[in-house]
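Engineer: Coordinates in entry01.pdb, PDB, C-alpha atoms, are listed below.
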ATOM      1  CA  MET A 156      34.812  12.449  73.653
ATOM      2  CA  PRO A 157      33.474   9.850  71.211
ATOM      3  CA  SER A 158      34.750   9.908  67.665
ATOM      4  CA  THR A 159      32.372  11.067  64.949
ATOM      5  CA  THR A 160      34.440   9.441  62.231
ATOM      6  CA  ARG A 161      32.735   6.510  60.573
ATOM      7  CA  THR A 162      34.972   3.447  60.886
ATOM      8  CA  PHE A 163      32.956   0.744  59.084
ATOM      9  CA  PHE A 164      33.318   1.031  55.336
ATOM     10  CA  ASN A 165      31.811  -0.879  52.444
ATOM     11  CA  PRO A 166      34.315  -2.384  49.936
ATOM     12  CA  VAL A 167      34.471   0.748  47.742
ATOM     13  CA  GLU A 168      35.007   3.031  50.722
ATOM     14  CA  ALA A 169      37.598   0.662  52.219
ATOM     15  CA  ALA A 170      39.549   0.695  48.938
ATOM     16  CA  ALA A 171      39.298   4.500  48.835
ATOM     17  CA  VAL A 172      40.629   4.870  52.377
ATOM     18  CA  LYS A 173      43.486   2.471  51.608
ATOM     19  CA  ALA A 174      44.362   4.446  48.445
ATOM     20  CA  ALA A 175      44.267   7.769  50.314
ATOM     21  CA  VAL A 176      46.554   6.458  53.055
ATOM     22  CA  LYS A 177      48.976   5.099  50.444
ATOM     23  CA  ARG A 178      49.016   8.476  48.627
ATOM     24  CA  ALA A 179      49.656  10.246  51.935
ATOM     25  CA  GLN A 180      52.518   7.880  52.798
ATOM     26  CA  THR A 181      54.208   7.885  49.397
ATOM     27  CA  GLY A 182      53.172  11.248  47.958
ATOM     28  CA  GLN A 183      52.238   9.399  44.760
ATOM     29  CA  ALA A 184      48.757   9.048  43.289
ATOM     30  CA  SER A 185      47.893   5.767  41.614
ATOM     31  CA  GLN A 186      48.335   5.663  37.864
ATOM     32  CA  ILE A 187      45.047   4.880  36.135
ATOM     33  CA  GLY A 188      45.692   6.060  32.592
ATOM     34  CA  PRO A 189      43.492   8.198  30.341
ATOM     35  CA  ASP A 190      39.721   8.288  30.640
ATOM     36  CA  PRO A 191      37.664   6.045  28.340
ATOM     37  CA  ALA A 192      36.681   7.639  25.025
ATOM     38  CA  LEU A 193      33.171   8.712  24.047
ATOM     39  CA  HIS A 194      32.164   6.830  20.908
ATOM     40  CA  SER A 195      28.706   8.254  20.216
ATOM     41  CA  GLN A 196      26.305  10.834  21.641
ATOM     42  CA  ASP A 197      23.757   8.033  22.138
ATOM     43  CA  THR A 198      25.949   6.501  24.822
ATOM     44  CA  GLU A 199      26.841   9.648  26.761
ATOM     45  CA  LEU A 200      25.335   8.486  30.082
ATOM     46  CA  ARG A 201      27.155   5.154  29.810
ATOM     47  CA  TRP A 202      30.372   7.023  28.965
ATOM     48  CA  VAL A 203      30.085   9.278  32.035
ATOM     49  CA  GLU A 204      29.473   6.167  34.149
ATOM     50  CA  ALA A 205      32.537   4.516  32.581
ATOM     51  CA  VAL A 206      34.681   7.568  33.397
ATOM     52  CA  LEU A 207      33.577   7.559  37.062
ATOM     53  CA  ARG A 208      34.132   3.802  37.238
ATOM     54  CA  HIS A 209      37.624   4.335  35.741
ATOM     55  CA  ARG A 210      38.621   7.261  37.973
ATOM     56  CA  LEU A 211      37.496   5.447  41.123
ATOM     57  CA  SER A 212      39.179   2.214  39.922
ATOM     58  CA  LEU A 213      35.937   0.319  40.558
ATOM     59  CA  ASN A 214      36.705  -2.457  38.065
ATOM     60  CA  SER A 215      39.820  -3.386  40.056
ATOM     61  CA  LEU A 216      37.860  -4.247  43.210
ATOM     62  CA  GLY A 217      37.059  -7.757  42.042
ATOM     63  CA  ARG A 218      33.325  -7.382  42.643
ATOM     64  CA  PRO A 219      30.489  -5.724  40.744
ATOM     65  CA  VAL A 220      29.696  -2.143  41.735
ATOM     66  CA  SER A 221      26.333  -0.799  40.632
ATOM     67  CA  ILE A 222      26.082   2.775  39.355
ATOM     68  CA  ARG A 223      22.772   4.439  38.519
ATOM     69  CA  THR A 224      23.028   7.218  35.958
ATOM     70  CA  LYS A 225      20.498   9.813  34.791
ATOM     71  CA  ASP A 226      20.248  13.371  33.525
ATOM     72  CA  ASP A 227      20.240  16.002  36.276
ATOM     73  CA  ASP A 228      17.648  18.606  35.348
ATOM     74  CA  THR A 229      18.812  21.079  38.016
ATOM     75  CA  HIS A 230      22.464  21.575  37.055
ATOM     76  CA  PRO A 231      23.859  22.456  33.619
ATOM     77  CA  LEU A 232      26.543  20.252  32.075
ATOM     78  CA  VAL A 233      28.703  23.315  31.370
ATOM     79  CA  ALA A 234      28.878  26.372  33.651
ATOM     80  CA  ASP A 235      26.451  29.044  32.410
ATOM     81  CA  GLY A 236      25.017  26.458  30.025
ATOM     82  CA  ARG A 237      21.324  25.837  29.681
ATOM     83  CA  HIS A 238      21.007  23.376  26.808
ATOM     84  CA  PHE A 239      22.451  20.180  28.226
ATOM     85  CA  PRO A 240      21.823  18.749  31.699
ATOM     86  CA  ALA A 241      24.574  17.553  33.986
ATOM     87  CA  VAL A 242      24.687  13.849  34.835
ATOM     88  CA  ALA A 243      23.651  12.500  38.241
ATOM     89  CA  LEU A 244      25.268   9.237  39.350
ATOM     90  CA  SER A 245      24.515   7.133  42.416
ATOM     91  CA  ILE A 246      26.474   4.256  43.896
ATOM     92  CA  PRO A 247      24.087   2.473  46.286
ATOM     93  CA  PHE A 248      25.260   0.446  49.272
ATOM     94  CA  ALA A 249      23.359  -1.320  52.043
ATOM     95  CA  ASP A 250      23.830   1.532  54.537
ATOM     96  CA  ARG A 251      23.914   4.611  52.289
ATOM     97  CA  THR A 252      24.320   5.930  48.766
ATOM     98  CA  LEU A 253      27.143   8.028  47.338
ATOM     99  CA  ASN A 254      25.658  10.630  44.972
ATOM    100  CA  PHE A 255      27.803  12.344  42.359
ATOM    101  CA  LEU A 256      27.270  15.100  39.808
ATOM    102  CA  ALA A 257      29.246  15.092  36.559
ATOM    103  CA  THR A 258      29.845  18.450  34.863
ATOM    104  CA  TYR A 259      32.581  20.129  32.870
ATOM    105  CA  ASP A 260      34.876  22.515  34.708
ATOM    106  CA  ASP A 261      36.138  25.833  33.299
ATOM    107  CA  ARG A 262      38.927  23.957  31.470
ATOM    108  CA  ARG A 263      36.288  21.742  29.791
ATOM    109  CA  ARG A 264      37.412  18.675  31.746
ATOM    110  CA  LEU A 265      34.763  16.246  32.967
ATOM    111  CA  THR A 266      34.741  16.441  36.744
ATOM    112  CA  PHE A 267      32.788  14.762  39.530
ATOM    113  CA  ASP A 268      31.405  16.230  42.745
ATOM    114  CA  LEU A 269      29.856  14.481  45.714
ATOM    115  CA  ILE A 270      26.345  15.758  46.334
ATOM    116  CA  GLY A 271      25.366  16.505  49.904
ATOM    117  CA  PRO A 272      23.166  18.884  51.872
ATOM    118  CA  CYS A 273      24.168  22.550  51.918
ATOM    119  CA  ASP A 274      25.251  23.601  55.412
ATOM    120  CA  ARG A 275      22.972  26.630  55.191
ATOM    121  CA  CYS A 276      19.831  25.678  53.254
ATOM    122  CA  GLY A 277      19.951  21.875  53.377
ATOM    123  CA  LYS A 278      19.402  21.463  49.625
ATOM    124  CA  PRO A 279      21.463  18.811  47.757
ATOM    125  CA  VAL A 280      24.428  20.620  46.190
ATOM    126  CA  PRO A 281      27.962  19.770  44.976
ATOM    127  CA  THR A 282      30.068  19.695  48.145
ATOM    128  CA  GLU A 283      33.416  18.105  47.287
ATOM    129  CA  GLU A 284      35.232  17.463  44.013
ATOM    130  CA  ILE A 285      36.161  13.771  43.764
ATOM    131  CA  ASN A 286      38.151  12.668  40.719
ATOM    132  CA  SER A 287      40.079   9.685  42.051
ATOM    133  CA  LEU A 288      39.822   6.850  44.526
ATOM    134  CA  GLU A 289      42.314   8.718  46.731
ATOM    135  CA  ASP A 290      40.108  11.838  46.708
ATOM    136  CA  LEU A 291      37.171   9.756  47.916
ATOM    137  CA  GLY A 292      39.339   8.271  50.673
ATOM    138  CA  ASP A 293      40.490  11.717  51.789
ATOM    139  CA  TYR A 294      36.858  12.822  51.912
ATOM    140  CA  LEU A 295      35.822   9.786  53.960
ATOM    141  CA  LEU A 296      38.699  10.318  56.387
ATOM    142  CA  GLN A 297      38.123  14.099  56.444
ATOM    143  CA  THR A 298      41.853  14.617  55.873
ATOM    144  CA  ARG A 299      41.953  16.583  52.646
ATOM    145  CA  ASP A 300      43.551  20.024  53.004
ATOM    146  CA  GLY A 301      40.927  21.750  50.902
ATOM    147  CA  LEU A 302      37.938  19.743  52.124
ATOM    148  CA  GLY A 303      34.616  21.271  51.132
ATOM    149  CA  GLY A 304      36.114  22.853  48.088
ATOM    150  CA  SER A 305      33.856  22.089  45.143
ATOM    151  CA  PRO A 306      34.090  25.090  42.821
ATOM    152  CA  ARG A 307      30.457  24.412  41.926
ATOM    153  CA  LEU A 308      29.153  24.714  45.512
ATOM    154  CA  ARG A 309      28.450  28.457  45.381
ATOM    155  CA  THR A 310      27.030  28.453  41.858
ATOM    156  CA  SER A 311      24.677  25.492  42.210
ATOM    157  CA  PRO A 312      21.116  26.345  41.170
ATOM    158  CA  ALA A 313      19.889  23.740  43.682
ATOM    159  CA  HIS A 314      20.369  26.159  46.625
ATOM    160  CA  ALA A 315      17.273  27.728  48.157
ATOM    161  CA  ASP A 316      16.638  31.162  46.628
ATOM    162  CA  ASP A 317      17.614  32.958  49.835
ATOM    163  CA  CYS A 318      20.600  30.748  50.685
ATOM    164  CA  LEU A 319      23.642  32.709  51.845
ATOM    165  CA  ALA A 320      26.003  30.033  50.475
ATOM    166  CA  ARG A 321      24.898  30.894  46.938
ATOM    167  CA  GLY A 322      27.252  33.351  45.296
ATOM    168  CA  ASP A 323      28.677  34.538  42.013
TER     169      ASP A 323
END
Here is the file; what I need is its structure written in the form of structure tokens.

Structural biologist:
Amino acid sequence: MPSTTRTFFNPVEAAAVKAAVKRAQTGQASQIGPDPALHSQDTELRWVEAVLRHRLSLNSLGRPVSIRTKDDDTHPLVADGRHFPAVALSIPFADRTLNFLATYDDRRRLTFDLIGPCDRCGKPVPTEEINSLEDLGDYLLQTRDGLGGSPRLRTSPAHADDCLARGD
């Protein structure tokens, strides 16, 4: 039976897989320090980009990594919020793009989810919470114990109206 696991990774994915394997072998996550600080509301999109760049250790790869950032008009920044949009981030590569959604969780911590098609309705929804390079590696290797566990999956307003995956 042929493997369905993707084995050719771009430099970001290769670093993520390496970090995930190291965490699995040692039981220790890499130490990256506190998130960058927000200095002004005018730079919020750049700040969210800086936090993702920091959490995924992208500056340590020794090569530029492009991130596109914009407001996401579908998802709220805070659960049950309507006033401020979440932030959509994309990291483009030659063969595909990793799409993220930045929102605040119920503890008011900025968190990132990979966006992918819903298994039931096919709409782009938060599918997996990714807050470190190791998390991304686990996702790519499909080895994470709680894979598919974004808390925002069931509450995403992006689901089709009749989607069975949508819940309270």

Engineer: Output the residue selection produced by the PyMOL selection byres ((chain A and resi 223) around 12) on the file above, formatted as a count of residues only.

Structural biologist: 25

Engineer: I'd like a table as a tab-separated table: residues in stretch 162-192 of chain A with an atom no more than 12 Å from stretch 265-275 of chain A, each row giving the shortest atom pair and its distance in Å to one decimal, all atoms listed in the file counted, sorted by chain and rising residue number.

Structural biologist:
residue	atom	partner	partner_atom	distance
A:Asp190	CA	A:Leu265	CA	9.7
A:Pro191	CA	A:Leu265	CA	11.6
A:Ala192	CA	A:Leu265	CA	11.9

Engineer: If you apply the PyMOL selection byres ((chain A and resi 260) around 9) to this file, what residues do you get, as a short mmCIF file (atom, residue, chain, number, x, y, z; two decimals) with C-alpha atoms, keeping the file's coordinate frame?

Structural biologist:
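As written to disk, out29.cif reads:
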data_model
loop_
_atom_site.label_atom_id
_atom_site.label_comp_id
_atom_site.auth_asym_id
_atom_site.auth_seq_id
_atom_site.Cartn_x
_atom_site.Cartn_y
_atom_site.Cartn_z
CA VAL A 233 28.70 23.32 31.37
CA ALA A 234 28.88 26.37 33.65
CA THR A 258 29.84 18.45 34.86
CA TYR A 259 32.58 20.13 32.87
CA ASP A 261 36.14 25.83 33.30
CA ARG A 262 38.93 23.96 31.47
CA ARG A 263 36.29 21.74 29.79
CA ARG A 264 37.41 18.68 31.75
CA LEU A 265 34.76 16.25 32.97
CA THR A 266 34.74 16.44 36.74
CA PRO A 306 34.09 25.09 42.82
CA ARG A 307 30.46 24.41 41.93
#

Engineer: Neighbouring residues of A:Ala241 were defined as those with any atom within 6 Å, considering all atoms listed in the file; residues of the same chain fewer than 6 positions away were excluded. Please report them as an NGL selection string.

Structural biologist: :A and (227 or 230-232 or 257-258)

Engineer: For this structure, which residues satisfy the selection - the PyMOL selection byres ((chain A and resi 166) around 12) - when it is evaluated on the file as given? I want them as JSON, numbers by chain.

Structural biologist: {"A": [163, 164, 165, 167, 168, 169, 170, 171, 172, 173, 213, 215, 216, 217, 218, 219, 220, 246, 247, 248, 249, 292]}

Engineer: Could you work out how far atom CA of A:Ala313 lies from atom CA of A:Leu295, giving the answer in Å with one decimal?

Structural biologist: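 A separation of 23.5 Å between them.
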
Engineer: Find the distance between atom CA of A:Ser212 and atom CA of A:Glu284 and write it in Å to one decimal.

Structural biologist: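 Atom-to-atom, atom CA of A:Ser212 and atom CA of A:Glu284 are spaced 16.3 Å apart.
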
Engineer: A:Gly277, A:Gly182, A:Gly188, A:Pro240: which is nearest A:Asp316, counting only C-alpha atoms?

Structural biologist: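 Selected residue with least distance to A:Asp316: A:Gly277.
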
Engineer: Give the answer as one residue: which of A:Thr198, A:Tyr294, A:Asp228, A:Thr282 has the shortest atom-to-atom distance to A:Ala174, using all atoms listed in the file?

Structural biologist: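 Once distances to A:Ala174 are computed over all atoms listed in the file, the minimum belongs to A:Tyr294.
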
Engineer: Just want the 7 Å neighbourhood of A:Cys276, counted on all atoms listed in the file, with same-chain residues fewer than 4 positions away dropped. Output as a VMD selection string.

Structural biologist: chain A and resid 314 to 315 318

Engineer: Any idea what the distance is between atom CA of A:Ser185 and atom CA of A:Gln297?

Structural biologist: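 Atom CA of A:Gln297 lies 19.6 Å from atom CA of A:Ser185.
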